[in-house]
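Asker: Structure file protein30.pdb (PDB, C-alpha atoms, pLDDT in the B column) right here:
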```
ATOM      1  CA  MET A   3       0.000   0.000   0.000  1.00 76.00           C
ATOM      2  CA  SER A   4       1.337   3.418  -0.957  1.00 82.00           C
ATOM      3  CA  VAL A   5       1.714   6.271   1.540  1.00 83.00           C
ATOM      4  CA  TYR A   6      -0.092   8.728  -0.731  1.00 86.00           C
ATOM      5  CA  PRO A   7      -3.721   8.019   0.388  1.00 87.00           C
ATOM      6  CA  LEU A   8      -2.645   8.683   3.975  1.00 89.00           C
ATOM      7  CA  PHE A   9      -1.016  11.886   2.777  1.00 90.00           C
ATOM      8  CA  ILE A  10      -4.246  12.992   1.060  1.00 91.00           C
ATOM      9  CA  LEU A  11      -6.279  12.266   4.206  1.00 92.00           C
ATOM     10  CA  SER A  12      -3.857  14.287   6.327  1.00 93.00           C
ATOM     11  CA  ALA A  13      -3.882  17.210   3.876  1.00 93.00           C
ATOM     12  CA  PHE A  14      -7.693  17.163   3.775  1.00 94.00           C
ATOM     13  CA  LEU A  15      -8.023  17.170   7.572  1.00 94.00           C
ATOM     14  CA  PHE A  16      -5.459  19.963   7.905  1.00 94.00           C
ATOM     15  CA  SER A  17      -7.082  22.244   5.337  1.00 94.00           C
ATOM     16  CA  LEU A  18     -10.523  21.509   6.786  1.00 93.00           C
ATOM     17  CA  GLY A  19      -9.303  22.525  10.237  1.00 93.00           C
ATOM     18  CA  PHE A  20      -7.748  25.668   8.770  1.00 93.00           C
ATOM     19  CA  PHE A  21     -11.044  26.468   7.033  1.00 93.00           C
ATOM     20  CA  GLY A  22     -12.893  26.008  10.322  1.00 92.00           C
ATOM     21  CA  VAL A  23     -10.497  28.299  12.181  1.00 91.00           C
ATOM     22  CA  ILE A  24     -11.110  31.044   9.603  1.00 90.00           C
ATOM     23  CA  LEU A  25     -14.868  30.560   9.256  1.00 88.00           C
ATOM     24  CA  ARG A  26     -16.224  29.791  12.726  1.00 86.00           C
ATOM     25  CA  ARG A  27     -16.703  32.432  15.396  1.00 85.00           C
ATOM     26  CA  ASN A  28     -17.675  30.091  18.197  1.00 86.00           C
ATOM     27  CA  LEU A  29     -14.794  29.312  20.533  1.00 88.00           C
ATOM     28  CA  ILE A  30     -15.740  25.666  21.035  1.00 89.00           C
ATOM     29  CA  SER A  31     -15.989  25.149  17.265  1.00 90.00           C
ATOM     30  CA  LEU A  32     -12.553  26.726  16.998  1.00 91.00           C
ATOM     31  CA  PHE A  33     -11.275  24.104  19.421  1.00 92.00           C
ATOM     32  CA  PHE A  34     -12.853  21.360  17.296  1.00 92.00           C
ATOM     33  CA  SER A  35     -10.966  22.693  14.262  1.00 93.00           C
ATOM     34  CA  LEU A  36      -7.710  22.815  16.246  1.00 93.00           C
ATOM     35  CA  GLU A  37      -8.170  19.176  17.236  1.00 92.00           C
ATOM     36  CA  LEU A  38      -8.612  18.324  13.553  1.00 93.00           C
ATOM     37  CA  ILE A  39      -5.317  20.053  12.736  1.00 94.00           C
ATOM     38  CA  LEU A  40      -3.504  18.122  15.493  1.00 93.00           C
ATOM     39  CA  ASN A  41      -5.004  14.872  14.206  1.00 93.00           C
ATOM     40  CA  SER A  42      -3.833  15.537  10.676  1.00 94.00           C
ATOM     41  CA  ALA A  43      -0.285  15.807  12.034  1.00 93.00           C
ATOM     42  CA  ASN A  44      -0.797  12.481  13.821  1.00 93.00           C
ATOM     43  CA  VAL A  45      -1.956  10.783  10.610  1.00 93.00           C
ATOM     44  CA  LEU A  46       1.130  11.997   8.786  1.00 92.00           C
ATOM     45  CA  LEU A  47       3.449  10.901  11.622  1.00 93.00           C
ATOM     46  CA  VAL A  48       1.982   7.404  11.589  1.00 92.00           C
ATOM     47  CA  GLY A  49       2.209   7.268   7.787  1.00 90.00           C
ATOM     48  CA  PHE A  50       5.877   8.266   7.654  1.00 90.00           C
ATOM     49  CA  SER A  51       6.678   5.991  10.582  1.00 90.00           C
ATOM     50  CA  LYS A  52       5.263   3.078   8.594  1.00 89.00           C
ATOM     51  CA  LEU A  53       6.957   4.246   5.396  1.00 89.00           C
ATOM     52  CA  HIS A  54      10.426   4.269   6.948  1.00 88.00           C
ATOM     53  CA  GLY A  55       9.858   1.352   9.316  1.00 85.00           C
ATOM     54  CA  ASN A  56      10.875   3.498  12.290  1.00 87.00           C
ATOM     55  CA  PRO A  57       8.728   3.449  15.461  1.00 87.00           C
ATOM     56  CA  PHE A  58       9.878   6.884  16.673  1.00 90.00           C
ATOM     57  CA  GLY A  59       7.199   8.607  14.580  1.00 89.00           C
ATOM     58  CA  GLU A  60       4.513   6.641  16.356  1.00 90.00           C
ATOM     59  CA  LEU A  61       6.085   7.502  19.700  1.00 91.00           C
ATOM     60  CA  PHE A  62       5.871  11.167  18.832  1.00 92.00           C
ATOM     61  CA  VAL A  63       2.114  10.717  18.388  1.00 92.00           C
ATOM     62  CA  PHE A  64       1.984   9.964  22.135  1.00 89.00           C
ATOM     63  CA  PHE A  65       3.532  13.296  22.978  1.00 92.00           C
ATOM     64  CA  VAL A  66       1.172  15.073  20.577  1.00 92.00           C
ATOM     65  CA  LEU A  67      -1.745  13.348  22.328  1.00 92.00           C
ATOM     66  CA  ALA A  68      -0.542  14.451  25.769  1.00 92.00           C
ATOM     67  CA  VAL A  69      -0.086  18.046  24.612  1.00 92.00           C
ATOM     68  CA  ALA A  70      -3.539  17.972  22.962  1.00 92.00           C
ATOM     69  CA  ALA A  71      -5.118  16.781  26.215  1.00 92.00           C
ATOM     70  CA  ALA A  72      -3.370  19.533  28.203  1.00 93.00           C
ATOM     71  CA  GLU A  73      -4.393  22.128  25.628  1.00 92.00           C
ATOM     72  CA  ALA A  74      -8.024  20.995  25.722  1.00 92.00           C
ATOM     73  CA  ALA A  75      -8.169  21.154  29.538  1.00 92.00           C
ATOM     74  CA  VAL A  76      -6.592  24.599  29.881  1.00 93.00           C
ATOM     75  CA  GLY A  77      -8.424  26.032  26.852  1.00 91.00           C
ATOM     76  CA  LEU A  78     -11.800  24.853  28.079  1.00 91.00           C
ATOM     77  CA  ALA A  79     -11.106  26.276  31.533  1.00 91.00           C
ATOM     78  CA  ILE A  80     -10.386  29.647  29.921  1.00 90.00           C
ATOM     79  CA  VAL A  81     -13.554  29.412  27.788  1.00 89.00           C
ATOM     80  CA  VAL A  82     -15.697  28.544  30.822  1.00 89.00           C
ATOM     81  CA  SER A  83     -14.380  31.429  32.889  1.00 89.00           C
ATOM     82  CA  LEU A  84     -14.761  33.824  29.937  1.00 87.00           C
ATOM     83  CA  TYR A  85     -18.339  32.619  29.498  1.00 87.00           C
ATOM     84  CA  ARG A  86     -19.008  33.339  33.170  1.00 86.00           C
ATOM     85  CA  PHE A  87     -17.632  36.843  32.658  1.00 83.00           C
ATOM     86  CA  LYS A  88     -19.265  37.776  29.335  1.00 82.00           C
ATOM     87  CA  LYS A  89     -22.184  35.279  28.971  1.00 81.00           C
ATOM     88  CA  SER A  90     -21.050  34.477  25.443  1.00 81.00           C
ATOM     89  CA  VAL A  91     -18.730  32.062  23.670  1.00 82.00           C
ATOM     90  CA  ASN A  92     -18.551  34.130  20.506  1.00 84.00           C
ATOM     91  CA  SER A  93     -14.995  35.260  19.845  1.00 82.00           C
ATOM     92  CA  GLU A  94     -16.198  38.620  18.501  1.00 81.00           C
ATOM     93  CA  ASP A  95     -17.556  39.549  21.928  1.00 81.00           C
ATOM     94  CA  TYR A  96     -14.161  39.291  23.579  1.00 82.00           C
ATOM     95  CA  THR A  97     -12.837  42.717  22.699  1.00 83.00           C
ATOM     96  CA  PHE A  98     -11.995  43.921  26.214  1.00 80.00           C
ATOM     97  CA  LEU A  99      -8.298  43.123  25.829  1.00 76.00           C
ATOM     98  CA  ARG A 100      -8.059  45.266  22.728  1.00 78.00           C
ATOM     99  CA  TRP A 101      -6.113  48.447  23.212  1.00 69.00           C
TER     100      TRP A 101
ATOM    101  CA  MET B  20      -8.794  -6.184   1.897  1.00 80.00           C
ATOM    102  CA  LYS B  21      -6.715  -3.735   3.930  1.00 82.00           C
ATOM    103  CA  GLU B  22      -7.132  -1.084   1.235  1.00 86.00           C
ATOM    104  CA  VAL B  23     -10.923  -1.470   1.277  1.00 91.00           C
ATOM    105  CA  PHE B  24     -11.065  -0.864   5.035  1.00 91.00           C
ATOM    106  CA  PHE B  25      -8.556   1.964   4.751  1.00 91.00           C
ATOM    107  CA  PHE B  26     -10.636   3.823   2.169  1.00 92.00           C
ATOM    108  CA  PHE B  27     -13.864   3.126   4.060  1.00 93.00           C
ATOM    109  CA  PHE B  28     -12.586   4.511   7.381  1.00 93.00           C
ATOM    110  CA  GLY B  29     -10.699   7.350   5.731  1.00 93.00           C
ATOM    111  CA  LEU B  30     -13.794   8.495   3.831  1.00 94.00           C
ATOM    112  CA  LEU B  31     -15.889   8.141   6.994  1.00 94.00           C
ATOM    113  CA  SER B  32     -13.478  10.249   9.033  1.00 94.00           C
ATOM    114  CA  ALA B  33     -13.296  12.914   6.304  1.00 94.00           C
ATOM    115  CA  VAL B  34     -17.110  13.142   6.045  1.00 95.00           C
ATOM    116  CA  PHE B  35     -17.585  13.321   9.820  1.00 94.00           C
ATOM    117  CA  ALA B  36     -14.839  15.948  10.115  1.00 93.00           C
ATOM    118  CA  LEU B  37     -16.647  18.023   7.473  1.00 93.00           C
ATOM    119  CA  MET B  38     -19.860  17.699   9.487  1.00 92.00           C
ATOM    120  CA  ALA B  39     -18.038  18.680  12.689  1.00 91.00           C
ATOM    121  CA  VAL B  40     -16.670  21.863  11.140  1.00 90.00           C
ATOM    122  CA  LEU B  41     -19.812  22.943   9.283  1.00 88.00           C
ATOM    123  CA  ASN B  42     -22.544  21.987  11.762  1.00 86.00           C
ATOM    124  CA  ARG B  43     -23.993  24.965  13.615  1.00 84.00           C
ATOM    125  CA  ASN B  44     -25.254  22.871  16.516  1.00 86.00           C
ATOM    126  CA  LEU B  45     -22.331  22.440  18.902  1.00 87.00           C
ATOM    127  CA  VAL B  46     -23.433  19.120  20.387  1.00 90.00           C
ATOM    128  CA  LYS B  47     -23.964  17.589  16.941  1.00 92.00           C
ATOM    129  CA  GLY B  48     -20.559  18.945  15.910  1.00 91.00           C
ATOM    130  CA  GLY B  49     -18.900  17.373  18.950  1.00 92.00           C
ATOM    131  CA  VAL B  50     -20.478  13.992  18.341  1.00 93.00           C
ATOM    132  CA  SER B  51     -19.454  14.146  14.651  1.00 94.00           C
ATOM    133  CA  LEU B  52     -15.913  14.922  15.762  1.00 93.00           C
ATOM    134  CA  LEU B  53     -16.033  11.888  18.061  1.00 94.00           C
ATOM    135  CA  ALA B  54     -17.135   9.716  15.105  1.00 95.00           C
ATOM    136  CA  SER B  55     -14.349  11.190  12.986  1.00 95.00           C
ATOM    137  CA  PHE B  56     -11.703  10.368  15.609  1.00 94.00           C
ATOM    138  CA  VAL B  57     -12.952   6.809  16.072  1.00 94.00           C
ATOM    139  CA  SER B  58     -12.848   6.330  12.277  1.00 94.00           C
ATOM    140  CA  LEU B  59      -9.285   7.673  12.316  1.00 94.00           C
ATOM    141  CA  ALA B  60      -8.475   4.970  14.864  1.00 94.00           C
ATOM    142  CA  GLY B  61      -9.815   2.510  12.257  1.00 93.00           C
ATOM    143  CA  VAL B  62      -7.405   4.040   9.732  1.00 93.00           C
ATOM    144  CA  TYR B  63      -4.529   3.523  12.191  1.00 93.00           C
ATOM    145  CA  PHE B  64      -5.537  -0.115  12.637  1.00 92.00           C
ATOM    146  CA  THR B  65      -5.531  -0.732   8.879  1.00 92.00           C
ATOM    147  CA  VAL B  66      -2.011   0.634   8.451  1.00 90.00           C
ATOM    148  CA  GLY B  67      -0.762  -1.507  11.348  1.00 87.00           C
ATOM    149  CA  ALA B  68      -0.342   1.126  14.067  1.00 88.00           C
ATOM    150  CA  GLU B  69      -2.334  -0.934  16.514  1.00 90.00           C
ATOM    151  CA  PHE B  70      -1.391   0.686  19.803  1.00 91.00           C
ATOM    152  CA  ILE B  71      -1.829   4.217  18.423  1.00 92.00           C
ATOM    153  CA  GLY B  72      -5.348   3.254  17.313  1.00 93.00           C
ATOM    154  CA  ILE B  73      -6.242   2.048  20.804  1.00 93.00           C
ATOM    155  CA  VAL B  74      -4.795   5.172  22.412  1.00 92.00           C
ATOM    156  CA  GLN B  75      -6.643   7.332  19.880  1.00 92.00           C
ATOM    157  CA  VAL B  76      -9.982   5.801  20.917  1.00 93.00           C
ATOM    158  CA  ILE B  77      -9.235   6.073  24.639  1.00 93.00           C
ATOM    159  CA  VAL B  78      -7.658   9.536  24.776  1.00 91.00           C
ATOM    160  CA  TYR B  79      -9.398  11.406  21.953  1.00 89.00           C
ATOM    161  CA  GLY B  80     -12.748   9.629  22.030  1.00 88.00           C
ATOM    162  CA  GLY B  81     -12.977   8.873  25.707  1.00 89.00           C
ATOM    163  CA  ALA B  82     -11.272  11.865  27.279  1.00 90.00           C
ATOM    164  CA  ILE B  83     -10.948  14.936  25.086  1.00 91.00           C
ATOM    165  CA  ILE B  84     -14.336  14.914  23.326  1.00 92.00           C
ATOM    166  CA  VAL B  85     -16.117  14.023  26.567  1.00 91.00           C
ATOM    167  CA  LEU B  86     -14.334  16.977  28.198  1.00 90.00           C
ATOM    168  CA  TYR B  87     -15.637  19.239  25.408  1.00 91.00           C
ATOM    169  CA  LEU B  88     -19.169  17.902  25.827  1.00 90.00           C
ATOM    170  CA  PHE B  89     -18.995  18.446  29.598  1.00 89.00           C
ATOM    171  CA  ALA B  90     -17.798  22.015  29.037  1.00 87.00           C
ATOM    172  CA  LEU B  91     -20.806  22.491  26.749  1.00 87.00           C
ATOM    173  CA  LEU B  92     -23.020  21.623  29.728  1.00 86.00           C
ATOM    174  CA  THR B  93     -21.994  24.851  31.460  1.00 83.00           C
ATOM    175  CA  VAL B  94     -22.911  26.949  28.409  1.00 82.00           C
ATOM    176  CA  ASP B  95     -26.520  27.956  27.842  1.00 79.00           C
ATOM    177  CA  LEU B  96     -26.927  26.895  24.226  1.00 75.00           C
ATOM    178  CA  LYS B  97     -30.527  28.129  23.878  1.00 74.00           C
ATOM    179  CA  SER B  98     -29.771  31.742  24.740  1.00 72.00           C
ATOM    180  CA  MET B  99     -26.788  31.880  22.422  1.00 72.00           C
ATOM    181  CA  LYS B 100     -27.345  34.086  19.431  1.00 69.00           C
ATOM    182  CA  ALA B 101     -26.833  32.568  16.022  1.00 70.00           C
ATOM    183  CA  GLU B 102     -23.352  32.780  14.608  1.00 70.00           C
ATOM    184  CA  PRO B 103     -23.230  35.323  11.782  1.00 72.00           C
ATOM    185  CA  LEU B 104     -22.199  33.812   8.477  1.00 75.00           C
ATOM    186  CA  ARG B 105     -19.771  36.165   6.785  1.00 78.00           C
ATOM    187  CA  LEU B 106     -19.514  35.518   3.077  1.00 84.00           C
ATOM    188  CA  SER B 107     -16.110  37.209   2.911  1.00 85.00           C
ATOM    189  CA  PHE B 108     -14.745  34.844   5.586  1.00 83.00           C
ATOM    190  CA  LEU B 109     -16.315  31.890   3.773  1.00 86.00           C
ATOM    191  CA  PHE B 110     -14.675  32.955   0.523  1.00 89.00           C
ATOM    192  CA  ALA B 111     -11.289  33.711   2.096  1.00 88.00           C
ATOM    193  CA  GLY B 112     -11.290  30.482   4.071  1.00 87.00           C
ATOM    194  CA  GLY B 113     -12.293  28.423   1.049  1.00 90.00           C
ATOM    195  CA  VAL B 114      -9.612  29.930  -1.190  1.00 92.00           C
ATOM    196  CA  LEU B 115      -6.850  29.756   1.440  1.00 92.00           C
ATOM    197  CA  SER B 116      -7.578  26.232   2.616  1.00 92.00           C
ATOM    198  CA  GLY B 117      -8.072  24.985  -0.963  1.00 93.00           C
ATOM    199  CA  ALA B 118      -4.716  26.467  -1.953  1.00 93.00           C
ATOM    200  CA  LEU B 119      -3.122  24.934   1.145  1.00 92.00           C
ATOM    201  CA  PHE B 120      -4.614  21.532   0.274  1.00 92.00           C
ATOM    202  CA  LEU B 121      -3.227  21.679  -3.263  1.00 92.00           C
ATOM    203  CA  ILE B 122       0.207  22.817  -2.049  1.00 91.00           C
ATOM    204  CA  ILE B 123       0.430  19.976   0.471  1.00 88.00           C
ATOM    205  CA  LEU B 124      -0.694  17.446  -2.175  1.00 89.00           C
ATOM    206  CA  TYR B 125       1.946  18.743  -4.577  1.00 89.00           C
ATOM    207  CA  ALA B 126       4.617  18.496  -1.877  1.00 85.00           C
ATOM    208  CA  GLY B 127       3.882  14.822  -1.321  1.00 79.00           C
ATOM    209  CA  PHE B 128       3.434  13.900  -4.966  1.00 80.00           C
ATOM    210  CA  PHE B 129       6.951  12.564  -5.407  1.00 80.00           C
ATOM    211  CA  LEU B 130       6.903  10.255  -2.380  1.00 79.00           C
ATOM    212  CA  GLU B 131       7.908   6.728  -3.201  1.00 79.00           C
ATOM    213  CA  GLY B 132       7.902   3.430  -1.409  1.00 78.00           C
ATOM    214  CA  SER B 133       5.172   1.488   0.283  1.00 81.00           C
ATOM    215  CA  LEU B 134       4.089   1.138   3.882  1.00 80.00           C
ATOM    216  CA  SER B 135       5.680  -1.663   5.847  1.00 80.00           C
ATOM    217  CA  SER B 136       3.127  -4.209   6.913  1.00 78.00           C
ATOM    218  CA  ASN B 137       4.478  -5.067  10.364  1.00 81.00           C
ATOM    219  CA  VAL B 138       2.116  -4.363  13.242  1.00 84.00           C
ATOM    220  CA  SER B 139       3.496  -2.186  16.034  1.00 83.00           C
ATOM    221  CA  GLY B 140       1.883  -3.178  19.301  1.00 83.00           C
ATOM    222  CA  ALA B 141       2.500  -1.991  22.832  1.00 87.00           C
ATOM    223  CA  SER B 142       5.732  -3.937  23.380  1.00 87.00           C
ATOM    224  CA  ASP B 143       7.340  -2.529  20.198  1.00 86.00           C
ATOM    225  CA  LEU B 144       6.695   1.015  21.341  1.00 88.00           C
ATOM    226  CA  ALA B 145       7.453   0.508  25.044  1.00 89.00           C
ATOM    227  CA  ARG B 146      11.171  -0.235  24.625  1.00 89.00           C
ATOM    228  CA  PRO B 147      12.140   3.039  22.860  1.00 88.00           C
ATOM    229  CA  LEU B 148       9.683   4.999  24.998  1.00 89.00           C
ATOM    230  CA  PHE B 149      11.120   3.892  28.333  1.00 91.00           C
ATOM    231  CA  TYR B 150      14.794   3.771  27.328  1.00 91.00           C
ATOM    232  CA  ARG B 151      15.549   6.340  24.674  1.00 91.00           C
ATOM    233  CA  PHE B 152      12.742   8.834  25.350  1.00 91.00           C
ATOM    234  CA  LEU B 153      12.509   8.533  29.128  1.00 93.00           C
ATOM    235  CA  LEU B 154      13.254  12.207  29.803  1.00 94.00           C
ATOM    236  CA  PRO B 155      10.563  13.556  27.404  1.00 92.00           C
ATOM    237  CA  PHE B 156       8.127  11.057  28.923  1.00 92.00           C
ATOM    238  CA  GLU B 157       8.747  12.410  32.431  1.00 94.00           C
ATOM    239  CA  VAL B 158       8.551  16.003  31.177  1.00 94.00           C
ATOM    240  CA  VAL B 159       5.140  15.211  29.648  1.00 94.00           C
ATOM    241  CA  SER B 160       3.948  13.929  33.037  1.00 94.00           C
ATOM    242  CA  VAL B 161       4.920  17.287  34.572  1.00 95.00           C
ATOM    243  CA  LEU B 162       3.119  19.059  31.709  1.00 94.00           C
ATOM    244  CA  LEU B 163      -0.087  17.133  32.436  1.00 94.00           C
ATOM    245  CA  LEU B 164       0.154  17.976  36.147  1.00 95.00           C
ATOM    246  CA  VAL B 165       0.652  21.660  35.326  1.00 95.00           C
ATOM    247  CA  ALA B 166      -2.316  21.564  32.933  1.00 94.00           C
ATOM    248  CA  THR B 167      -4.561  19.971  35.564  1.00 93.00           C
ATOM    249  CA  ILE B 168      -3.659  22.494  38.261  1.00 94.00           C
ATOM    250  CA  GLY B 169      -3.872  25.347  35.775  1.00 93.00           C
ATOM    251  CA  ALA B 170      -7.320  24.316  34.556  1.00 92.00           C
ATOM    252  CA  VAL B 171      -8.651  24.142  38.119  1.00 91.00           C
ATOM    253  CA  ALA B 172      -7.058  27.479  39.040  1.00 92.00           C
ATOM    254  CA  VAL B 173      -8.405  29.270  35.949  1.00 89.00           C
ATOM    255  CA  ALA B 174     -11.943  27.879  36.039  1.00 84.00           C
ATOM    256  CA  ARG B 175     -12.408  28.285  39.818  1.00 83.00           C
ATOM    257  CA  ARG B 176     -15.182  30.686  40.766  1.00 77.00           C
ATOM    258  CA  GLU B 177     -13.729  33.540  42.771  1.00 73.00           C
ATOM    259  CA  GLU B 178     -15.558  34.429  45.946  1.00 65.00           C
TER     260      GLU B 178
END
```
Please lay out the structure from this file as structure tokens.

Answerer:
Amino acid sequence: MSVYPLFILSAFLFSLGFFGVILRRNLISLFFSLELILNSANVLLVGFSKLHGNPFGELFVFFVLAVAAAEAAVGLAIVVSLYRFKKSVNSEDYTFLRW
Amino acid sequence: MKEVFFFFFGLLSAVFALMAVLNRNLVKGGVSLLASFVSLAGVYFTVGAEFIGIVQVIVYGGAIIVLYLFALLTVDLKSMKAEPLRLSFLFAGGVLSGALFLIILYAGFFLEGSLSSNVSGASDLARPLFYRFLLPFEVVSVLLLVATIGAVAVARREE
């Protein structure tokens, strides 16, 4: 099996996540798109790990997973406390840090 | 046979990811994202990355998406005003991400070789993880502790 189908899947997930980051204004949807981008990197790491027969690429997926979990926890905590403050999860309502 | 399952799960994960990004209902989007991640675990199984597939189901499906859905519980979805659809953002996003997709495809067009068919289970990954990458592993444990304490400290209601 060639590596190219895996490559296409990764490219599709990455550009879809990028599209979501540009289009959506809801913070939780933005997080969904970010998770898609992280997953596209994981797909590519697994694909190249299998292409070269080297398990280090798959090991790196572990570290990406741990960082994704930490990012989700801290990001959601920030979103929840911002929601308590502003009663909105729309990113256009958070303009109070703007100079 | 492997190719058939690969294309099935890959198509499924792409379709569910599209639904997750485009759906305006957040709960439906989260559940579509869960389906997309579980299908991606199927993709990992078909290319022989067995342990990564299992971890993908447990961590992404069981932990991260459930965390998102629990965070959605604290948000009043009914009172939320509808997201404005900006045609300029739609256009810009479509053009930029389409161009990015084509550039990435072009970059990988000259790749040669085929995937090795050996299955990497837990024992194949454990030896390099606990010998060669022991220090990064321990650093990641500290990172998770910091993230846990930070999440509690940020989300705590101040009296």

Asker: Could you check how far atom CA of Leu115 of chain B sits from atom CA of Arg100 of chain A, in Å to one decimal?

Answerer: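 Distance reported for this atom pair: 26.4 Å.
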
Asker: Enumerate, as number ranges by chain, the residues matched when the PyMOL selection byres ((chain B and resi 139-146) around 12) is run on the file above.

Answerer: A: 48, 51-52, 55-64; B: 63-74, 135-138, 147-153, 156

Asker: Quick one: residues within 10 Å of segment 70-72 of chain A, only C-alpha atoms counted, chain neighbours fewer than 3 positions away excluded, as a compact mmCIF listing (two decimals) with C-alpha atoms, keeping the file's coordinate frame?

Answerer:
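Below you can see out-v3.txt, which holds the result:
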```
# COMPACT_ATOMS: atom_id res chain seq x y z
CA LEU A 36 -7.71 22.82 16.25
CA GLU A 37 -8.17 19.18 17.24
CA LEU A 40 -3.50 18.12 15.49
CA ASN A 41 -5.00 14.87 14.21
CA PHE A 64 1.98 9.96 22.14
CA PHE A 65 3.53 13.30 22.98
CA VAL A 66 1.17 15.07 20.58
CA LEU A 67 -1.74 13.35 22.33
CA ALA A 75 -8.17 21.15 29.54
CA VAL A 76 -6.59 24.60 29.88
CA GLY A 77 -8.42 26.03 26.85
CA LEU A 78 -11.80 24.85 28.08
CA VAL B 78 -7.66 9.54 24.78
CA TYR B 79 -9.40 11.41 21.95
CA ALA B 82 -11.27 11.86 27.28
CA ILE B 83 -10.95 14.94 25.09
CA ILE B 84 -14.34 14.91 23.33
CA LEU B 86 -14.33 16.98 28.20
CA VAL B 159 5.14 15.21 29.65
CA LEU B 162 3.12 19.06 31.71
CA LEU B 163 -0.09 17.13 32.44
CA LEU B 164 0.15 17.98 36.15
CA VAL B 165 0.65 21.66 35.33
CA ALA B 166 -2.32 21.56 32.93
CA THR B 167 -4.56 19.97 35.56
CA GLY B 169 -3.87 25.35 35.78
CA ALA B 170 -7.32 24.32 34.56
```

Asker: Tell me, as a list in words, which residues lie within 12 Å of Val23 of chain B, counting all atoms listed in the file; anything in the same chain fewer than 6 positions away does not count.

Answerer: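 Those residues are Met3 and Pro7 of chain A; Gly29, Leu30, Gly61, Val62, Thr65 and Val66 of chain B.
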
Asker: Within 12 Å of (-3.3, 22.3, 1.5), in the coordinates the file gives, what residues turn up when you count all atoms listed in the file, written out as a PyMOL selection string?

Answerer: (chain A and resi 9-21+39+42) or (chain B and resi 112-127)

Asker: For chain A, which of B:Ile168, B:Leu134, B:Arg43, B:Glu157 is the closest residue, counting only C-alpha atoms?

Answerer: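 Checking each candidate against chain A, we get B:Leu134 as the closest.
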
Asker: When the PyMOL selection byres ((chain B and resi 174) around 7) is applied to the structure above, which residues does it catch, written out as a ChimeraX atom specification?

Answerer: /A:79-80,82-83 /B:170-173,175-176

Asker: For atom CA of Glu94 of chain A and atom CA of Pro103 of chain B, determine how far apart the two atoms are, in Å to one decimal place.

Answerer: 10.3 Å

Asker: Specify the axis-aligned box that encloses all atoms of segment 150-158 of chain B listed in the file after padding of 6 Å on each side, stating its centre and edge lengths in Å to one decimal as lines of an AutoDock Vina configuration file.

Answerer:
```
center_x = 11.8
center_y = 9.9
center_z = 28.6
size_x = 19.4
size_y = 24.2
size_z = 19.8
```

Asker: Of the candidates A:Leu99, A:Ile24, A:Leu29, A:Val91, which shows the shortest atom-to-atom distance to Ala74 of chain A, using all atoms listed in the file?

Answerer: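 Result for the nearest residue to Ala74 of chain A: A:Leu29.
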
Asker: Suppose you want the space between atom CA of Ser58 of chain B and atom CA of Ser160 of chain B; what is it in Å?

Answerer: 27.8 Å
